Every structure is written in C-alpha cells, then in structure tokens.
Amino acid sequence: MSSRIVVKIGSSSLTTEEGGLDRDSIAFFAGEIAALMQNGHEVLLVTSGAVAAGFREIGYAHRPKLLHEKQAAAAVGQALLMQAYQQAFAAHRVTTAQILLTRTDFHSRKRMGNAGMTVEELLKQGVIPIFNENDTVSVDELKFGDNDLLSALVANLVKAQHLVILTDTNGLYTADPRKDPSATRYDRITEITAEIYAYAGGSGSSVGTGGMRSKVDAAKVATRGGVPVFVGRVNEPGDMLQAVEGTGKGTYFETKLAALSRKKQWLGFMSTPLGTVVVDAGAEEALVHGGHSLLPVGVRRVLGTFHAGDVVEVLGPDDTLLGRGIVNYDDDQLRLIAGLPSGEVIQTLNSIHRLEVIHRDEWITLK
C-alpha cells in the first residue's frame with residue numbers, strides 16, 4: 001500500500017570523512033528513493049551536508065568551528081548539495097525542489113500552513129521536496145541534531161506514515177557495537193524511556209553534528225505526533241524499501257497515537273513557552289489522564305511573565321514536564337487565584353473571560 005514517507009539523510013552518509021560530497025552515495029540514495037516513488041509512495045527528503053559539502057570548497061582545511069565560518073561554508077555547500085541531488089534524481093526522471101527552513105519558521109502557525117500547502121502542491125506534481133535547515137541564517141541548527149528534529153517536525157507537518165532516519169549504524173544498541181561486541185540491538189521500541197536515552201551516545205562522525213541521542217529525540221517528537229520511525233542503515237539496493245516495509249536494518253520506534261492536528265503540533269513542539277505553571281497531583285491526573293481542563297484550584301506556583309493567550313509549560317508536583325497549553329490569564333491574575341476553588345475565583349476577580357486556566361482544547365500532553 002502506498003504511503004507518505006519522510007527520509008532523513010545525515011552528513012556522514014553524503015560526504016567523505018575529509019569533507020566534500022560523495023556523489024556515488026548521493027546517486028545510490030536517489031536510486032533508493034526513486035524506487036519508493038515507483039512503488040507508489042510519496043517521498044519527502046530531509047538532508048544535511050551543506051557545511052560538510054562546502055568547507056573544503058571555501059578553503060578550510062577542516063570542518064570549521066566558528067559560527068560565521070560554518071555559515072559561509074553552508075552558503076557554498078548548499079548550492080553544491082542541491083546540484084548533486086538534481087543530477088542524481090534526473091537520472092530517474094524525478095524533479096527536485098529546495099525548501100530551506102529555520103526553527104523559527106515552525107514557531108509561526110501561518111508560515112507552517114504556507115509551507116504545508118507548498119509541499120502538498122509539489123507532491124501532487126510528482127516533485128520531491130528536499131528540506132534543509134537554512135544554515136546561513138540560523139544560529140541554533142548548527143548546534144542541534146543534524147536535522148533529526150527537523151525531519152520529525154516535517155513528518156508531523158505532512159502527516160507522514162513513516163519517518164526513515166538513516167545513520168551509519170544499524171539501529172540503537174545497548175552499547176556502542178564498534179567498541180563492545182556484547183552489545184545487543186533494539187529491534188522495536190514501544191516506549192522511549194530513560195533507559196533508552198541512557199543507551200544513546202554522542203556524535204559518531206567528524207563531519208556531522210548528530211548522534212543517536214538526537215535521533216531518539218526526533219523519534220519521540222515524531223511518534224508523539226502519530227508517525228512511526230525507523231532509525232538504521234541503508235547501504236544496499238532494496239534496503240530503503242525494506243526499511244519502509246518493516247524488515248530494515250535498524251530499530252523501529254512504534255506508536256499507537258493518532259496524527260496531531262497542525263494546531264497541536266505547533267503547540268507541542270514549535271511554540272515558545274513564555275512562562276511556567278506548576279500544578280498539584282490532582283491536576284496532573286486530570287490533565288494527563290482524564291482529558292480535563294486545568295482549573296485554578298490545581299495551580300500551585302506561577303513562574304515567569306505572560307499574558308492571556310500566551311503558551312506556558314505545565315509541570316507536575318515533582319517538576320516533571322507534563323505538557324503545554326494556551327493560558328487564559330495574565331501571570332499576575334493567575335498568582336492571585338492559584339489554589340482557589342471556582343466559586344472563590346469568580347468572587348476574587350471582578351470579571352473573567354474563561355474559568356479554566358488552560359482549556360483541554362488548548363492543551364497537549366508531552367509526558
């Protein structure tokens with residue numbers, strides 16, 4: 001059955017260890033993706049590699065460490081990267097499109113909507129959208145995850161049926177298999193626990209910025225949005241199709257959750273919280289498990305400065321993150337009524353727009 005698939009390829013899979021594009025690898029991945037498309041799947045590609053592709057061309061002996069040097073290398077490398085993809089996909093009569101994003105693009109629900117409509121039209125026309133972080137203007141991306149999180153956000157945005165994150169190891173192990181021969185692989189993970197995070201290591205390549213931990217982070221975001229994730233290796237013809245069909249060389253992160261609405265995606269993973277509300281155990285149960293709204297009586301502490309309509313994080317009594325929501329009170333109002341039952345809230349405030357601190361329709365659980 002055909003489905004919508006997001007494929008993420010990191011720097012280490014596209015470039016040589018010394019820097020510069022590995023065009024044979026790019027041609028191989030283009031062939032694998034073209035095979036998916038020929039099988040009726042819609043494919044979106046999230047790629048890294050701009051900095052790694054450009055730093056040699058610009059004259060640096062090693063991958064640069066200073067931000068302005070990385071941005072300069074990315075400006076050169078992004079053009080080279082897209083040229084290589086265009087040539088590789090042209091051999092399969094597939095047209096490519098470039099979409100450069102920053103994390104701030106996802107903070108705006110309007111920009112998210114515009115990006116989503118653009119992608120839908122490209123897919124309708126049989127074009128493969130190729131996403132990358134706009135490294136030349138972004139400060140944060142050059143420090144986080146080698147586009148792993150970006151691939152999860154894209155997968156949620158387009159309501160993909162699969163997210164395939166390629167890496168140079170065949171999945172998540174209990175230890176580094178290159179150093180510990182007794183390490184065992186997780187074939188399928190149904191819940192991302194602290195133990196899973198403990199097994200995720202650092203970056204494995206000198207030309208990339210991502211490691212297994214960033215891939216687990218991405219899997220957590222994607223699965224929370226209803227998108228199952230494969231993390232593993234594709235290095236032989238047919239491997240990509242096997243990864244999609246459930247028999248790939250890697251680890252599968254499963255989910256039983258339904259796809260999130262665009263509003264909930266923005267609220268949970270792309271909005272910027274402006275304050276924090278700490279609640280008691282009863283409110284935690286009501287929010288996380290009961291599907292109820294947050295009332296003033298359950299609020300214990302209010303941190304930060306915010307206004308009605310802003311996004312806030314909600315912590316449980318042990319300071320564990322429970323989720324995010326759109327708050328209906330200014331911070332000073334909420335401090336005044338924190339812990340009060342509903343009748344006293346109405347008496348304390350001369351007028352209220354809504355009784356709920358956070359309505360259940362304006363809430364997403366992240367625990």
# chains A, B, ... in the order shown; residues from 1 in each chain; ligands from 1
call {"tool": "residues_around", "arguments": {"residues": "region 326-342 of chain A", "least_positions_apart": "4", "cutoff": "6 Å", "atoms": "only C-alpha atoms", "output": "count of residues only"}}
result
14
call {"tool": "select_by_dssp", "arguments": {"residues": "region 157-238 of chain A", "states": "helix (DSSP H, G or I)", "output": "list in words"}}
result
Leu157, Ala194, Glu195, Ile196, Tyr197, Ala198, Tyr199, Met212, Arg213, Ser214, Lys215, Val216, Asp217, Ala218, Ala219, Lys220, Val221, Ala222, Thr223 and Arg224 of chain A
call {"tool": "closest_residue", "arguments": {"among": "A:Leu66, A:Leu166, A:Ala194, A:Val314", "to": "Glu284 (chain A)", "atoms": "only C-alpha atoms"}}
result
A:Val314
call {"tool": "residues_around", "arguments": {"residues": "region 5-20 of chain A", "least_positions_apart": "4", "cutoff": "9 Å", "atoms": "only C-alpha atoms", "output": "VMD selection string"}}
result
chain A and resid 24 to 26 29 33 36 41 to 57 61 to 63 77 146 to 148 151 to 152 154 to 155 158 160 to 168 204 to 210 244
call {"tool": "closest_residue", "arguments": {"among": "A:Phe253, A:Ser293, A:Gly246, A:Leu153", "to": "Ile192 (chain A)", "atoms": "only C-alpha atoms"}}
result
A:Phe253
call {"tool": "decode", "arguments": {"residues": "region 275-291 of chain A", "atoms": "all heavy atoms", "output": "mmCIF file, in the first residue's frame"}}
result
data_model
loop_
_atom_site.group_PDB
_atom_site.id
_atom_site.type_symbol
_atom_site.label_atom_id
_atom_site.label_comp_id
_atom_site.auth_asym_id
_atom_site.auth_seq_id
_atom_site.Cartn_x
_atom_site.Cartn_y
_atom_site.Cartn_z
ATOM 1 N N GLY A 275 6.102 31.152 30.037
ATOM 2 C CA GLY A 275 6.001 31.024 31.478
ATOM 3 C C GLY A 275 5.816 29.577 31.875
ATOM 4 O O GLY A 275 5.740 28.683 31.021
ATOM 5 N N THR A 276 5.715 29.361 33.186
ATOM 6 C CA THR A 276 5.578 28.003 33.721
ATOM 7 C C THR A 276 4.515 27.989 34.811
ATOM 8 O O THR A 276 4.464 28.890 35.651
ATOM 9 C CB THR A 276 6.908 27.512 34.319
ATOM 10 O OG1 THR A 276 7.916 27.549 33.306
ATOM 11 C CG2 THR A 276 6.780 26.086 34.842
ATOM 12 N N VAL A 277 3.676 26.965 34.781
ATOM 13 C CA VAL A 277 2.652 26.763 35.805
ATOM 14 C C VAL A 277 2.902 25.394 36.431
ATOM 15 O O VAL A 277 2.994 24.392 35.716
ATOM 16 C CB VAL A 277 1.239 26.824 35.194
ATOM 17 C CG1 VAL A 277 0.189 26.510 36.254
ATOM 18 C CG2 VAL A 277 0.976 28.192 34.569
ATOM 19 N N VAL A 278 3.038 25.372 37.751
ATOM 20 C CA VAL A 278 3.235 24.125 38.482
ATOM 21 C C VAL A 278 1.913 23.724 39.119
ATOM 22 O O VAL A 278 1.260 24.547 39.788
ATOM 23 C CB VAL A 278 4.322 24.283 39.571
ATOM 24 C CG1 VAL A 278 4.562 22.950 40.278
ATOM 25 C CG2 VAL A 278 5.625 24.797 38.951
ATOM 26 N N VAL A 279 1.519 22.471 38.921
ATOM 27 C CA VAL A 279 0.209 22.011 39.398
ATOM 28 C C VAL A 279 0.363 20.898 40.424
ATOM 29 O O VAL A 279 1.443 20.304 40.577
ATOM 30 C CB VAL A 279 -0.656 21.526 38.220
ATOM 31 C CG1 VAL A 279 -0.848 22.653 37.210
ATOM 32 C CG2 VAL A 279 -0.045 20.299 37.548
ATOM 33 N N ASP A 280 -0.744 20.587 41.114
ATOM 34 C CA ASP A 280 -0.723 19.514 42.107
ATOM 35 C C ASP A 280 -1.035 18.171 41.445
ATOM 36 O O ASP A 280 -1.291 18.085 40.239
ATOM 37 C CB ASP A 280 -1.682 19.820 43.259
ATOM 38 C CG ASP A 280 -3.140 19.931 42.808
ATOM 39 O OD1 ASP A 280 -3.489 19.418 41.724
ATOM 40 O OD2 ASP A 280 -3.942 20.539 43.545
ATOM 41 N N ALA A 281 -1.005 17.118 42.255
ATOM 42 C CA ALA A 281 -1.178 15.767 41.722
ATOM 43 C C ALA A 281 -2.559 15.566 41.110
ATOM 44 O O ALA A 281 -2.714 14.868 40.110
ATOM 45 C CB ALA A 281 -0.931 14.741 42.826
ATOM 46 N N GLY A 282 -3.579 16.171 41.707
ATOM 47 C CA GLY A 282 -4.922 16.031 41.170
ATOM 48 C C GLY A 282 -5.060 16.660 39.801
ATOM 49 O O GLY A 282 -5.690 16.093 38.899
ATOM 50 N N ALA A 283 -4.453 17.828 39.637
ATOM 51 C CA ALA A 283 -4.496 18.497 38.333
ATOM 52 C C ALA A 283 -3.695 17.714 37.302
ATOM 53 O O ALA A 283 -4.083 17.640 36.129
ATOM 54 C CB ALA A 283 -3.963 19.919 38.471
ATOM 55 N N GLU A 284 -2.570 17.126 37.719
ATOM 56 C CA GLU A 284 -1.784 16.302 36.799
ATOM 57 C C GLU A 284 -2.616 15.143 36.276
ATOM 58 O O GLU A 284 -2.631 14.866 35.070
ATOM 59 C CB GLU A 284 -0.531 15.777 37.492
ATOM 60 C CG GLU A 284 0.277 14.842 36.613
ATOM 61 C CD GLU A 284 1.554 14.324 37.285
ATOM 62 O OE1 GLU A 284 1.894 14.828 38.361
ATOM 63 O OE2 GLU A 284 2.192 13.421 36.712
ATOM 64 N N GLU A 285 -3.309 14.476 37.154
ATOM 65 C CA GLU A 285 -4.148 13.348 36.752
ATOM 66 C C GLU A 285 -5.248 13.812 35.791
ATOM 67 O O GLU A 285 -5.527 13.152 34.783
ATOM 68 C CB GLU A 285 -4.773 12.706 37.989
ATOM 69 C CG GLU A 285 -5.727 11.555 37.705
ATOM 70 C CD GLU A 285 -5.059 10.335 37.087
ATOM 71 O OE1 GLU A 285 -3.839 10.156 37.269
ATOM 72 O OE2 GLU A 285 -5.773 9.550 36.416
ATOM 73 N N ALA A 286 -5.849 14.948 36.092
ATOM 74 C CA ALA A 286 -6.929 15.461 35.261
ATOM 75 C C ALA A 286 -6.440 15.832 33.867
ATOM 76 O O ALA A 286 -7.104 15.547 32.859
ATOM 77 C CB ALA A 286 -7.577 16.670 35.932
ATOM 78 N N LEU A 287 -5.267 16.450 33.787
ATOM 79 C CA LEU A 287 -4.724 16.889 32.504
ATOM 80 C C LEU A 287 -4.195 15.731 31.671
ATOM 81 O O LEU A 287 -4.500 15.599 30.484
ATOM 82 C CB LEU A 287 -3.594 17.897 32.736
ATOM 83 C CG LEU A 287 -3.972 19.336 33.047
ATOM 84 C CD1 LEU A 287 -2.743 20.107 33.508
ATOM 85 C CD2 LEU A 287 -4.587 20.016 31.833
ATOM 86 N N VAL A 288 -3.365 14.895 32.295
ATOM 87 C CA VAL A 288 -2.629 13.872 31.556
ATOM 88 C C VAL A 288 -3.487 12.651 31.251
ATOM 89 O O VAL A 288 -3.396 12.073 30.163
ATOM 90 C CB VAL A 288 -1.353 13.469 32.338
ATOM 91 C CG1 VAL A 288 -0.623 12.335 31.637
ATOM 92 C CG2 VAL A 288 -0.432 14.675 32.502
ATOM 93 N N HIS A 289 -4.309 12.265 32.193
ATOM 94 C CA HIS A 289 -5.057 11.016 32.022
ATOM 95 C C HIS A 289 -6.568 11.205 31.900
ATOM 96 O O HIS A 289 -7.260 10.358 31.341
ATOM 97 C CB HIS A 289 -4.770 10.073 33.198
ATOM 98 C CG HIS A 289 -3.323 9.757 33.375
ATOM 99 N ND1 HIS A 289 -2.599 9.031 32.457
ATOM 100 C CD2 HIS A 289 -2.447 10.097 34.364
ATOM 101 C CE1 HIS A 289 -1.339 8.919 32.859
ATOM 102 N NE2 HIS A 289 -1.220 9.559 34.014
ATOM 103 N N GLY A 290 -7.074 12.315 32.435
ATOM 104 C CA GLY A 290 -8.522 12.491 32.468
ATOM 105 C C GLY A 290 -9.099 13.242 31.295
ATOM 106 O O GLY A 290 -10.325 13.254 31.102
ATOM 107 N N GLY A 291 -8.245 13.909 30.519
ATOM 108 C CA GLY A 291 -8.756 14.688 29.397
ATOM 109 C C GLY A 291 -9.516 15.922 29.816
ATOM 110 O O GLY A 291 -10.375 16.417 29.075
#
